[in-house]
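S.K.: Quick one: structure below, then a few questions.
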Amino acid sequence: MRKTGTMKQRMLSTIANGSRRLQSIFSLILLIVVWWAVTAAKLVNPLYLPSPGSVWNALVKANNCHPITQGSNKIVCGEQEYFLWQHLLASLQRIGVGMGFAIIAGVLLGFILASVTWLNRIIMPYVNFIRALPPLGYIGLLIVWFGIGDTSKIWLLFLAACPPIVLATVEGISGVSTDRVNSAKSLGAGTLQAFVHVVFPSTLPSIMSGIRLAVGFTWTTVVAAELNNGIPGIGALAYLSGTQLNTPLTIACIIVIGIAAFALDGLIVLLTRMVTPWVGRE
Amino acid sequence: MRKTGTMKQRMLSTIANGSRRLQSIFSLILLIVVWWAVTAAKLVNPLYLPSPGSVWNALVKANNCHPITQGSNKIVCGEQEYFLWQHLLASLQRIGVGMGFAIIAGVLLGFILASVTWLNRIIMPYVNFIRALPPLGYIGLLIVWFGIGDTSKIWLLFLAACPPIVLATVEGISGVSTDRVNSAKSLGAGTLQAFVHVVFPSTLPSIMSGIRLAVGFTWTTVVAAELNNGIPGIGALAYLSGTQLNTPLTIACIIVIGIAAFALDGLIVLLTRMVTPWVGRE
Amino acid sequence: AMQKADQLSGASNASSEKCPVTVNKEAKGTIRIAWQAIANADLVVKDRKLLEACIPNATIQWNQFNSGGDVVQAFGSRSVDIGLAGSSPAVKSVSAPLNLKVKVLWIHDIIGEAESLVAHNSSAKSIKDLAGKNIAVPFGSTSHFSLLSALSQAGMDSSSVHLINLDPDKMAAAWGRGEIDAAWVWDPVLSKLKADGGSVVTSSAATAKNGAATFDMELVSDDFIKANPSAVETWTAVENYAIGLIASDPDNAADSISAQLGNSPKDVKVQFKGYSYPDAAEQSKIFSDQLPGIFKATAQFLKGQGDLDAVNADYAPALYTTAIDAVAKQ
Amino acid sequence: MSEQTMAWDELTERTAMSKQGIAADIRGLQQRFTTQEGDEVIALHDINLQIKEHDFICVVGRSGCGKTTLLNALAGFEKPTEGEIIFRGAKVEGPSPRRGVVFQKPPLYPWLTVRGNVEFGMKMQNVKQDERKERAEQYLELVGLKDAADRRPYELSGGMQQRAQIARVLATDPDLILMDEPYGALDALTRERLQNELLRIWEDHKNTVFFITHSVDEAIFLATRVIVMSAHPGTIKMDIPIDIPRDTANQEDMEKVRSDPRFVELRERITEAIYEQDDQQ
Amino acid sequence: MSEQTMAWDELTERTAMSKQGIAADIRGLQQRFTTQEGDEVIALHDINLQIKEHDFICVVGRSGCGKTTLLNALAGFEKPTEGEIIFRGAKVEGPSPRRGVVFQKPPLYPWLTVRGNVEFGMKMQNVKQDERKERAEQYLELVGLKDAADRRPYELSGGMQQRAQIARVLATDPDLILMDEPYGALDALTRERLQNELLRIWEDHKNTVFFITHSVDEAIFLATRVIVMSAHPGTIKMDIPIDIPRDTANQEDMEKVRSDPRFVELRERITEAIYEQDDQQ
Ligand SMILES: Nc1ncnc2c1ncn2[C@@H]1O[C@H](COP(=O)(O)OP(=O)(O)OP(=O)(O)O)[C@@H](O)[C@H]1O
Ligand SMILES: Nc1ncnc2c1ncn2[C@@H]1O[C@H](COP(=O)(O)OP(=O)(O)OP(=O)(O)O)[C@@H](O)[C@H]1O
Ligand SMILES: [Mg+2]
Ligand SMILES: [Mg+2]
């Protein structure tokens, strides 16, 4: 009786899993079909919304070498001298470095601001200030200070990613139950130990959600960061192809950005579940 | 004895309050002094970091009428035909409308996605997708669909603000203690009532922090939104003055954006404290 | 740094190019160049790696920019040595309040029909017919300058039309939706609008005739001139060779440019017609006879717009003619 | 199966059950949990129990033996891994206002005052405002929270929070009252008063009560039937009717009951049943 | 004033206090809260209490009378509104590992297993790993959680969580043990076992214990001194030494003690003291 129960359950869960995957795939297919139908019926000028086919072609072309015109013996490889995946990789590197610094600095700053009240009063206004600054407004200043190389781009991504992490950390800490901290101190933890062993893990879910938001944020900032001298870089490619009215390539870039961001986000969600398994179960 | 105690406390708290305000003012003054010293010592080319004085002049000029060049009898008012405060007001309106729709749609969508699992699986990927899209990448599509008027700008701000609110709502709901909901249902609440009377207030702190992040986000997007046909608009002014290498005005705009954003943020924090007084006290 | 796609795939076909002018073995270090996506000989040089071949001991660094303003900013932060900018940013950079330590080195092209005013309504014969209409133009561009000049030449004022700041790639959509009545713009958008029922009202060629010429030019920093005069000369010689190619072998030149722009060689050849590409000999004359005056006029116009604080007494010191004159003699 | 989609034989069964006066029927209930380490915990195993209308059931058992798990299943909070529970003829599929629950940890709503919390259930059940106010007042008085009615839950002591929860549930007058150690955090007098009030309500309103406690004395005082559970896995070890007459109005009677030989005997038997497993743990 | 910045007369006072064997001295303690509505609640008023070394103090009183508030003040969790507390000669200014606290609601750490939680305090106090492991095992056994040692706190029942917390605190062997209704959620046998263990530890290690309970019987069994508190505002109503001899090892002795006339008398007096205020509430 118990065994069949388990088998039945296993079967059911396999079916459920399958249907779950089906739903996602179905939703994707639906989107592509609608897109295709709209373009096939010529409801929109292909200059603005090219067909799925031509976007796919742009994607393939951007990852291969091909003659510049049919029959010509001049071969060009990728777009703007780099393959699309190289552009993506370059942007990912910048985001990775920027996020890395942002996580370290944001969490540290968050902890400091949450514990030192007077520093909080002095620095928090600036964090909130930076949080609202349009990247396009101050990228010029960053270029002036850090040059047109990767440094200014990474600074921009860093400045975009840092404030949400600081805020999430501060908010997470203010939400830590005082009983937990008091209990740790009564058990012999010093201020530092209580931080490391109790406040930090209690804040972890909040920090992770801050990181998640920050990564999304850096993706939206990547075009602004790569506007000048951003090649190779997927944001720069998206912008440049737009100015050349190469809409299929622009849309291919946007889709690639979206998919990469989506995958990265999934990774973070997975990681979050791994490091904070207790969330939602208390 | 008790009375003096209270008086002493009141005095102490007045002093503390005063010193708190002093700290903020002090931090502001410090920044301006450092800024002034750096520019006065000519450490940086004024093209990139103008002196506080010239930024102040740009600010004053942008809010007044003046002859176009010294001695000329052609009078211009403000910058780009509008006073700076009019630019700010125009942007505030766009942000207000975009945020308004984003709050309504984001919270509703969040509630729906949190309760209907299959819809979540279908729609959530798209929300995460949109969350990562660079505004500069898809503003073109919005213009195709909604024109170069305010509609496309408001759409952009809406699309920037919506995902953080959806995420915060879904996350908030997943964090609601099951005991709370079960208790409400056992007390006679239907699914809808349990939502309105228990899930919603439990999620409110999370929603408010989502809104707070979203507003910051819209500010960073306002330049991208106003890049095309954005006058009057403080984002457009900041960008245009940047391309014209009018750095004092750019910095004045950025500071105005920062201060407006900071004030709006303070308002939201205050509102949050008012509507969720229990946070951090349980 | 990342390997380029052609190296990665082994399809590299440009590195075999030989230096067409005297090889400069003297110049060393890094030469930082700012380039923009404009159909002129600079892209031929870049595509064929001519500078790399002609200055073999230096590292050539190509940095892409989107507007003259950005390039000027990069000069200020000492991030580039040589860079392409339009004539109005060039004038701004050497006038107050910026007074950058840069000189004008080269004219890549003189803008003619390449930047034109197209209108929806074919009955608009002159800019006067557009009074009160919506005209789109990217603010701060050479087209913006030409449009304002055209308006003032016609005795109009910027307030007699409704100017809309619009990126070129957004114009087609606004055009299709009927949100703009006219636009002053360049290719590929210009061709799109013409194909989409637009008719040309006037062009930068016409405004140039009336004394408001616009150019794409190369700026070079004083520091770089001082440190590497020979490299500056080699650069000029290479550009001169490439400009010659546009006239002598337009097919191959168009192939190179289209490879850089990411469009088709056919489109590039159409664009050639909108510009004139003076060689070093012609430029030598333009630099000495016309440019100081044109710069002064431009500066006066910009000052009237409130874009400049003061007009220089003489713009000749802002021009670097040594290299052009030397190359012109060869 | 919900009440709407009942088949014919279930309907007849239901009629039969109500004729026998059965309020809830627990059939072959098993509840398993998988821990994070991957171990399987069998919290309840093969529980069969029929709760009659107007029963006052007290459940006792060692800490961790599955009492709360059983109560959660009855309340409809947790789907049984195996087996089912029929309440008033329909399968339990979720929470219902006919089954009020007093939780082990009071889930009060911090955005409402204590009074607002007590009124909450009545508001959900559309009790008119006047009546709601009156009944809230009455129950606040009953649990001794009249003075603290306008405070927020987080401004109450642990015992006060528990009392607020009790008032909130009792004010909605559910058919089946499920209580998880409701009086554990209360002092003896408050406890006695609330015990008596509960008995009075139970007698007046003819509710059915399912009451978890650690006090065998309390169980014998209150119950018409005591259930003893044992752990590993949680099963029903003893199901014993209590037939000692009592007069709740009379305090001194209580003390007399305590020394009643039947009480002493019951107490011994139940205690023994609870602790038989002792050597195991 | 912290231990570092003691003035001379305080130092002499401290010496005097330790000579008299005073562990903690509560002087004119008042604790006020302002509720959200703006009302002022005087939770404690003018509390004066000297706790001697090796005292076993049990605090009883009506729910909401201020027991937890007093314990919080002793633990150093809440700054007194007025008055002060001197512990071993130094003013209490914050939590300290010398004063271990068992909370009313167990604040276990969900990122640690039960074993991890029990080891936590020892780890903070740099107990060597071997000893830590051994002691954790020993205390887990003591509270009957050996089988559940690798589970997470949220996989435990309410009573099991409470026991885990008790093991965590006792394993660090604090000088002053502050316990807030530690045994309220436990069944009688577990409770008895833990009571005996606590007494054994108290006798062996000569700790001082401050123990809040609702059971007068428990108080008399355990305490050397029972404090009765009354509410509105919270004050000490009675402070009574307990001198009934007991042999914790002998279970049957307990039952005998229960019928000791001195026990019965004490029980009556304490109960009366607790409930004198009854008519007020
Ligand atoms: N944060 C607070 N704000 C306002 N009032 C409070 C607060 N904390 C406690 N009180 C009040 O102080 C009084 C004493 O509370 P305390 O928790 O000390 O009671 P207790 O004796 O421990 O009760 P119990 O036995 O129910 O746990 C209560 O009336 C309570 O309402
Ligand atoms: N989510 C869970 N995951 C794993 N095990 C669980 C979970 N919930 C409960 N258990 C286990 O099920 C058993 C029964 O738990 P339950 O809460 O029903 O006990 P209880 O009888 O109410 O105990 P107490 O008197 O201490 O409250 C316990 O061994 C507990 O560890
Ligand atoms: Mg339980
Ligand atoms: Mg208490």
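Following the order of the structure tokens, first chain is A, next is B, and so on, with residues numbered from 1 inside each chain and ligands from 1 in the order they appear.
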Identify, with DSSP run on backbone atoms, the residues in segment 7-125 of chain B assigned to helix (DSSP H, G or I), and express the list as a ChimeraX atom specification.

M.R.: /B:7-40,52-62,84-115,117-125

S.K.: Hey, list the chain D side of the contact with chain B: 10 Å cut-off, only C-alpha atoms, answer as number ranges by chain.

M.R.: D: 72, 75-77, 94-103, 105-112, 120-126, 152-155, 165, 168-174

S.K.: Would you output that residue set with C-alpha atoms, as a compact mmCIF listing (two decimals), in the first residue's frame?

M.R.:
```
# COMPACT_ATOMS: atom_id res chain seq x y z
CA ASN D 72 -3.26 20.82 12.13
CA ALA D 75 -8.00 22.14 11.18
CA GLY D 76 -7.26 21.47 7.52
CA PHE D 77 -3.88 23.22 7.55
CA GLY D 94 -8.78 23.31 4.15
CA PRO D 95 -9.47 25.65 7.02
CA SER D 96 -13.08 26.50 7.81
CA PRO D 97 -14.68 28.95 10.26
CA ARG D 98 -16.66 26.06 11.71
CA ARG D 99 -13.38 24.79 13.14
CA GLY D 100 -11.79 27.53 15.25
CA VAL D 101 -8.13 27.15 16.12
CA VAL D 102 -6.12 28.45 19.09
CA PHE D 103 -2.48 28.16 18.01
CA LYS D 105 2.14 30.50 19.17
CA PRO D 106 -0.50 33.25 18.94
CA PRO D 107 -0.66 34.60 15.35
CA LEU D 108 -2.05 38.03 16.22
CA TYR D 109 -2.07 40.76 13.58
CA PRO D 110 0.27 43.61 14.51
CA TRP D 111 -1.58 46.15 12.37
CA LEU D 112 -4.68 45.76 14.53
CA PHE D 120 -11.43 40.26 13.36
CA GLY D 121 -13.16 36.87 13.18
CA MET D 122 -16.60 38.36 13.71
CA LYS D 123 -15.94 40.93 11.01
CA MET D 124 -14.96 38.16 8.61
CA GLN D 125 -18.22 36.41 9.44
CA ASN D 126 -20.23 39.59 8.90
CA ARG D 152 -0.88 46.58 19.86
CA PRO D 153 -0.09 42.86 20.16
CA TYR D 154 3.65 43.54 20.41
CA GLU D 155 3.00 45.64 23.47
CA GLN D 165 -5.93 34.88 20.79
CA ARG D 168 -10.53 36.12 19.21
CA VAL D 169 -11.40 32.48 18.58
CA LEU D 170 -14.11 32.07 21.20
CA ALA D 171 -15.87 35.24 20.02
CA THR D 172 -16.66 33.55 16.68
CA ASP D 173 -18.36 30.61 18.43
CA PRO D 174 -17.04 27.79 16.20
```

S.K.: Quick one: residues within 9 Å of ligand 3, with only C-alpha atoms and all ligand atoms, as JSON, numbers by chain?

M.R.: {"D": [63, 64, 65, 66, 67, 68, 69, 71, 103, 104, 180, 181, 212], "E": [157, 158, 159, 160, 185]}

S.K.: Can you pull out the residues contacting Ile242 of chain D? Cut-off 7 Å, using only C-alpha atoms, and skip same-chain residues under 5 positions away; I want them as a PyMOL selection string.

M.R.: chain D and resi 220+223-225

S.K.: Out of E:Lys256, E:Lys146, E:Lys237, E:Arg115, which residue has the shortest atom-to-atom distance to chain D when counting only C-alpha atoms?

M.R.: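 Of E:Lys256, E:Lys146, E:Lys237, E:Arg115, the one nearest chain D, counting only C-alpha atoms, is E:Lys146.
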
S.K.: What's around Arg191 of chain D at 12 Å? Count only C-alpha atoms, leave out sequence neighbours fewer than 2 positions away in its own chain, and write the answer as a PDB file with N, CA, C and O atoms, in the first residue's frame.

M.R.:
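Writing done, so here's part.pdb:
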```pdb
ATOM      1  N   LEU D 142     -13.639  38.824  29.667  1.00  0.00           N
ATOM      2  CA  LEU D 142     -13.483  37.424  30.048  1.00  0.00           C
ATOM      3  C   LEU D 142     -12.020  37.042  30.211  1.00  0.00           C
ATOM      4  O   LEU D 142     -11.645  36.372  31.180  1.00  0.00           O
ATOM      5  N   VAL D 143     -11.161  37.445  29.281  1.00  0.00           N
ATOM      6  CA  VAL D 143      -9.751  37.058  29.353  1.00  0.00           C
ATOM      7  C   VAL D 143      -8.915  38.104  30.089  1.00  0.00           C
ATOM      8  O   VAL D 143      -7.704  37.984  30.161  1.00  0.00           O
ATOM      9  N   GLY D 144      -9.585  39.139  30.642  1.00  0.00           N
ATOM     10  CA  GLY D 144      -8.864  40.111  31.461  1.00  0.00           C
ATOM     11  C   GLY D 144      -7.980  41.038  30.658  1.00  0.00           C
ATOM     12  O   GLY D 144      -6.883  41.379  31.090  1.00  0.00           O
ATOM     13  N   GLY D 159       1.720  35.904  27.927  1.00  0.00           N
ATOM     14  CA  GLY D 159       0.439  35.367  28.381  1.00  0.00           C
ATOM     15  C   GLY D 159      -0.730  36.210  27.886  1.00  0.00           C
ATOM     16  O   GLY D 159      -1.804  35.681  27.556  1.00  0.00           O
ATOM     17  N   MET D 160      -0.532  37.516  27.845  1.00  0.00           N
ATOM     18  CA  MET D 160      -1.605  38.390  27.365  1.00  0.00           C
ATOM     19  C   MET D 160      -1.890  38.135  25.885  1.00  0.00           C
ATOM     20  O   MET D 160      -3.048  38.152  25.450  1.00  0.00           O
ATOM     21  N   GLN D 162      -1.531  35.311  24.366  1.00  0.00           N
ATOM     22  CA  GLN D 162      -2.265  34.059  24.297  1.00  0.00           C
ATOM     23  C   GLN D 162      -3.738  34.291  24.630  1.00  0.00           C
ATOM     24  O   GLN D 162      -4.638  33.780  23.961  1.00  0.00           O
ATOM     25  N   ARG D 163      -3.992  35.109  25.649  1.00  0.00           N
ATOM     26  CA  ARG D 163      -5.382  35.364  26.036  1.00  0.00           C
ATOM     27  C   ARG D 163      -6.127  36.112  24.934  1.00  0.00           C
ATOM     28  O   ARG D 163      -7.301  35.846  24.671  1.00  0.00           O
ATOM     29  N   ILE D 166      -7.197  33.652  22.428  1.00  0.00           N
ATOM     30  CA  ILE D 166      -8.328  32.848  22.886  1.00  0.00           C
ATOM     31  C   ILE D 166      -9.627  33.640  22.728  1.00  0.00           C
ATOM     32  O   ILE D 166     -10.641  33.126  22.225  1.00  0.00           O
ATOM     33  N   GLU D 181      -2.405  23.704  23.563  1.00  0.00           N
ATOM     34  CA  GLU D 181      -1.817  24.196  24.817  1.00  0.00           C
ATOM     35  C   GLU D 181      -2.217  25.643  25.094  1.00  0.00           C
ATOM     36  O   GLU D 181      -1.353  26.502  25.304  1.00  0.00           O
ATOM     37  N   PRO D 182      -3.498  25.922  25.137  1.00  0.00           N
ATOM     38  CA  PRO D 182      -3.905  27.325  25.235  1.00  0.00           C
ATOM     39  C   PRO D 182      -3.559  27.957  26.577  1.00  0.00           C
ATOM     40  O   PRO D 182      -3.285  29.139  26.651  1.00  0.00           O
ATOM     41  N   TYR D 183      -3.543  27.160  27.622  1.00  0.00           N
ATOM     42  CA  TYR D 183      -3.393  27.757  28.956  1.00  0.00           C
ATOM     43  C   TYR D 183      -1.998  27.541  29.524  1.00  0.00           C
ATOM     44  O   TYR D 183      -1.745  27.817  30.691  1.00  0.00           O
ATOM     45  N   GLY D 184      -1.056  27.069  28.687  1.00  0.00           N
ATOM     46  CA  GLY D 184       0.280  26.746  29.179  1.00  0.00           C
ATOM     47  C   GLY D 184       1.027  27.939  29.732  1.00  0.00           C
ATOM     48  O   GLY D 184       1.789  27.815  30.681  1.00  0.00           O
ATOM     49  N   ALA D 185       0.789  29.129  29.159  1.00  0.00           N
ATOM     50  CA  ALA D 185       1.558  30.299  29.571  1.00  0.00           C
ATOM     51  C   ALA D 185       0.789  31.172  30.555  1.00  0.00           C
ATOM     52  O   ALA D 185       1.111  32.337  30.726  1.00  0.00           O
ATOM     53  N   LEU D 186      -0.242  30.596  31.192  1.00  0.00           N
ATOM     54  CA  LEU D 186      -1.066  31.415  32.084  1.00  0.00           C
ATOM     55  C   LEU D 186      -0.886  31.002  33.538  1.00  0.00           C
ATOM     56  O   LEU D 186      -0.635  29.840  33.857  1.00  0.00           O
ATOM     57  N   ASP D 187      -1.062  31.951  34.411  1.00  0.00           N
ATOM     58  CA  ASP D 187      -1.006  31.653  35.831  1.00  0.00           C
ATOM     59  C   ASP D 187      -2.244  30.865  36.246  1.00  0.00           C
ATOM     60  O   ASP D 187      -3.261  30.859  35.550  1.00  0.00           O
ATOM     61  N   ALA D 188      -2.137  30.212  37.390  1.00  0.00           N
ATOM     62  CA  ALA D 188      -3.162  29.258  37.795  1.00  0.00           C
ATOM     63  C   ALA D 188      -4.553  29.871  37.855  1.00  0.00           C
ATOM     64  O   ALA D 188      -5.535  29.255  37.418  1.00  0.00           O
ATOM     65  N   LEU D 189      -4.666  31.083  38.360  1.00  0.00           N
ATOM     66  CA  LEU D 189      -6.004  31.635  38.534  1.00  0.00           C
ATOM     67  C   LEU D 189      -6.640  31.987  37.193  1.00  0.00           C
ATOM     68  O   LEU D 189      -7.782  31.621  36.922  1.00  0.00           O
ATOM     69  N   ARG D 193      -9.998  30.339  35.672  1.00  0.00           N
ATOM     70  CA  ARG D 193     -11.137  31.111  35.209  1.00  0.00           C
ATOM     71  C   ARG D 193     -11.449  30.766  33.762  1.00  0.00           C
ATOM     72  O   ARG D 193     -12.597  30.520  33.395  1.00  0.00           O
ATOM     73  N   LEU D 194     -10.402  30.694  32.932  1.00  0.00           N
ATOM     74  CA  LEU D 194     -10.638  30.409  31.518  1.00  0.00           C
ATOM     75  C   LEU D 194     -11.110  28.970  31.309  1.00  0.00           C
ATOM     76  O   LEU D 194     -11.912  28.703  30.421  1.00  0.00           O
ATOM     77  N   GLN D 195     -10.609  28.066  32.160  1.00  0.00           N
ATOM     78  CA  GLN D 195     -11.116  26.688  32.088  1.00  0.00           C
ATOM     79  C   GLN D 195     -12.614  26.669  32.337  1.00  0.00           C
ATOM     80  O   GLN D 195     -13.395  26.069  31.589  1.00  0.00           O
ATOM     81  N   ASN D 196     -13.020  27.347  33.371  1.00  0.00           N
ATOM     82  CA  ASN D 196     -14.438  27.360  33.710  1.00  0.00           C
ATOM     83  C   ASN D 196     -15.273  28.019  32.623  1.00  0.00           C
ATOM     84  O   ASN D 196     -16.346  27.527  32.276  1.00  0.00           O
ATOM     85  N   GLU D 197     -14.745  29.108  32.083  1.00  0.00           N
ATOM     86  CA  GLU D 197     -15.494  29.794  31.029  1.00  0.00           C
ATOM     87  C   GLU D 197     -15.642  28.887  29.818  1.00  0.00           C
ATOM     88  O   GLU D 197     -16.691  28.847  29.184  1.00  0.00           O
ATOM     89  N   LEU D 198     -14.538  28.178  29.512  1.00  0.00           N
ATOM     90  CA  LEU D 198     -14.592  27.285  28.360  1.00  0.00           C
ATOM     91  C   LEU D 198     -15.661  26.213  28.573  1.00  0.00           C
ATOM     92  O   LEU D 198     -16.461  25.916  27.678  1.00  0.00           O
ATOM     93  N   SER D 215      -1.011  19.099  31.002  1.00  0.00           N
ATOM     94  CA  SER D 215      -1.391  18.861  32.380  1.00  0.00           C
ATOM     95  C   SER D 215      -2.449  17.769  32.434  1.00  0.00           C
ATOM     96  O   SER D 215      -3.563  17.939  31.931  1.00  0.00           O
ATOM     97  N   GLU D 218      -5.472  18.950  34.288  1.00  0.00           N
ATOM     98  CA  GLU D 218      -6.337  19.782  33.465  1.00  0.00           C
ATOM     99  C   GLU D 218      -7.178  18.910  32.543  1.00  0.00           C
ATOM    100  O   GLU D 218      -8.389  19.110  32.390  1.00  0.00           O
ATOM    101  N   LEU D 222     -11.283  18.754  32.584  1.00  0.00           N
ATOM    102  CA  LEU D 222     -12.071  19.319  31.496  1.00  0.00           C
ATOM    103  C   LEU D 222     -12.778  18.271  30.663  1.00  0.00           C
ATOM    104  O   LEU D 222     -13.937  18.442  30.286  1.00  0.00           O
TER     105      LEU D 222
ATOM    106  N   ARG E  62       0.771  37.118  38.305  1.00  0.00           N
ATOM    107  CA  ARG E  62      -0.234  37.075  37.257  1.00  0.00           C
ATOM    108  C   ARG E  62       0.385  37.380  35.894  1.00  0.00           C
ATOM    109  O   ARG E  62       1.396  38.077  35.805  1.00  0.00           O
ATOM    110  N   SER E  63      -0.268  36.888  34.883  1.00  0.00           N
ATOM    111  CA  SER E  63       0.190  37.171  33.525  1.00  0.00           C
ATOM    112  C   SER E  63       0.158  38.679  33.277  1.00  0.00           C
ATOM    113  O   SER E  63      -0.834  39.343  33.558  1.00  0.00           O
ATOM    114  N   HIS E 214       4.705  29.793  36.215  1.00  0.00           N
ATOM    115  CA  HIS E 214       3.308  30.010  36.601  1.00  0.00           C
ATOM    116  C   HIS E 214       2.842  28.969  37.594  1.00  0.00           C
ATOM    117  O   HIS E 214       1.739  29.048  38.116  1.00  0.00           O
ATOM    118  N   SER E 215       3.689  27.974  37.852  1.00  0.00           N
ATOM    119  CA  SER E 215       3.276  26.899  38.738  1.00  0.00           C
ATOM    120  C   SER E 215       3.832  27.141  40.137  1.00  0.00           C
ATOM    121  O   SER E 215       5.038  27.127  40.366  1.00  0.00           O
TER     122      SER E 215
END
```

S.K.: Which residues of chain C are close to chain B, meaning at most 9 Å apart when you count only C-alpha atoms, and how do they look as a PyMOL selection string?

M.R.: chain C and resi 67-70+72-73+76-77+89+92+97-98+136+138-140+163-167+169-170+172-174+176-177+179+303-307+309

S.K.: For each of E:Ala273, E:Ala219, E:Leu266, E:Ala43, take the minimum atom-to-atom distance to ligand 4, counting only C-alpha atoms and all ligand atoms, then give the residue where this is smallest.

M.R.: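 Of E:Ala273, E:Ala219, E:Leu266, E:Ala43, the one nearest ligand 4 is E:Ala43, counting only C-alpha atoms and all ligand atoms.
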
S.K.: Where in segment 37-272 of chain D does DSSP assign strand (DSSP E or B), given as a tab-separated table (two decimals) with C-alpha atoms, in the first residue's frame?

M.R.:
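Heads up, here's the output in out-v7.tsv:
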```tsv
chain	number	residue	atom	x	y	z
D	40	GLU	CA	11.76	10.92	6.80
D	41	VAL	CA	9.88	11.67	10.02
D	42	ILE	CA	6.63	9.83	10.54
D	43	ALA	CA	4.85	12.30	12.77
D	44	LEU	CA	1.54	10.42	12.78
D	45	HIS	CA	0.87	6.83	11.86
D	46	ASP	CA	-2.48	5.20	11.17
D	47	ILE	CA	-4.61	7.40	13.39
D	48	ASN	CA	-8.26	6.35	13.59
D	49	LEU	CA	-10.50	8.45	15.78
D	50	GLN	CA	-14.17	9.34	15.83
D	51	ILE	CA	-15.04	12.59	17.59
D	52	LYS	CA	-18.68	12.75	18.62
D	56	PHE	CA	-14.68	17.46	25.03
D	57	ILE	CA	-11.50	15.69	24.02
D	58	CYS	CA	-8.24	16.37	25.77
D	59	VAL	CA	-5.07	15.14	24.11
D	60	VAL	CA	-1.99	14.47	26.20
D	61	GLY	CA	1.36	13.05	25.27
D	82	GLU	CA	-2.35	9.20	3.73
D	83	GLY	CA	-5.89	8.74	5.01
D	84	GLU	CA	-8.58	11.37	5.37
D	85	ILE	CA	-10.66	13.34	7.83
D	86	ILE	CA	-14.42	13.70	7.49
D	87	PHE	CA	-15.95	16.65	9.31
D	90	ALA	CA	-17.52	16.30	4.19
D	91	LYS	CA	-13.84	15.68	3.66
D	99	ARG	CA	-13.38	24.79	13.14
D	100	GLY	CA	-11.79	27.53	15.25
D	101	VAL	CA	-8.13	27.15	16.12
D	102	VAL	CA	-6.12	28.45	19.09
D	176	LEU	CA	-15.37	22.58	16.76
D	177	ILE	CA	-12.84	24.37	18.94
D	178	LEU	CA	-9.25	23.19	18.41
D	179	MET	CA	-6.86	24.43	21.09
D	180	ASP	CA	-3.10	23.81	21.25
D	208	THR	CA	-17.17	20.11	20.33
D	209	VAL	CA	-13.70	20.72	21.81
D	210	PHE	CA	-10.30	19.25	20.91
D	211	PHE	CA	-7.84	20.43	23.53
D	212	ILE	CA	-4.10	19.72	23.72
D	225	ARG	CA	-12.64	11.81	26.90
D	226	VAL	CA	-8.88	11.80	27.17
D	227	ILE	CA	-6.64	10.69	24.30
D	228	VAL	CA	-3.09	9.66	25.10
D	229	MET	CA	-0.64	9.77	22.23
D	230	SER	CA	2.73	8.10	21.99
D	235	THR	CA	-0.18	6.89	17.43
D	236	ILE	CA	-3.14	6.84	19.77
D	237	LYS	CA	-2.18	4.80	22.75
D	238	MET	CA	-5.21	5.19	24.95
D	239	ASP	CA	-8.68	6.57	24.54
D	240	ILE	CA	-10.43	6.79	27.87
D	241	PRO	CA	-13.83	8.29	28.82
```

S.K.: Expressed in Å to a single decimal, how great is the separation between atom CA of Val215 of chain A and atom CA of Leu108 of chain A?

M.R.: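 Atom CA of Leu108 of chain A lies 17.7 Å from atom CA of Val215 of chain A.
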
S.K.: Would you mind telling me which residue in B:Ile112, B:Leu267, B:Leu49, B:Leu192 lies nearest to chain A when using only C-alpha atoms?

M.R.: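 For chain A, the nearest of the candidates is B:Leu49.
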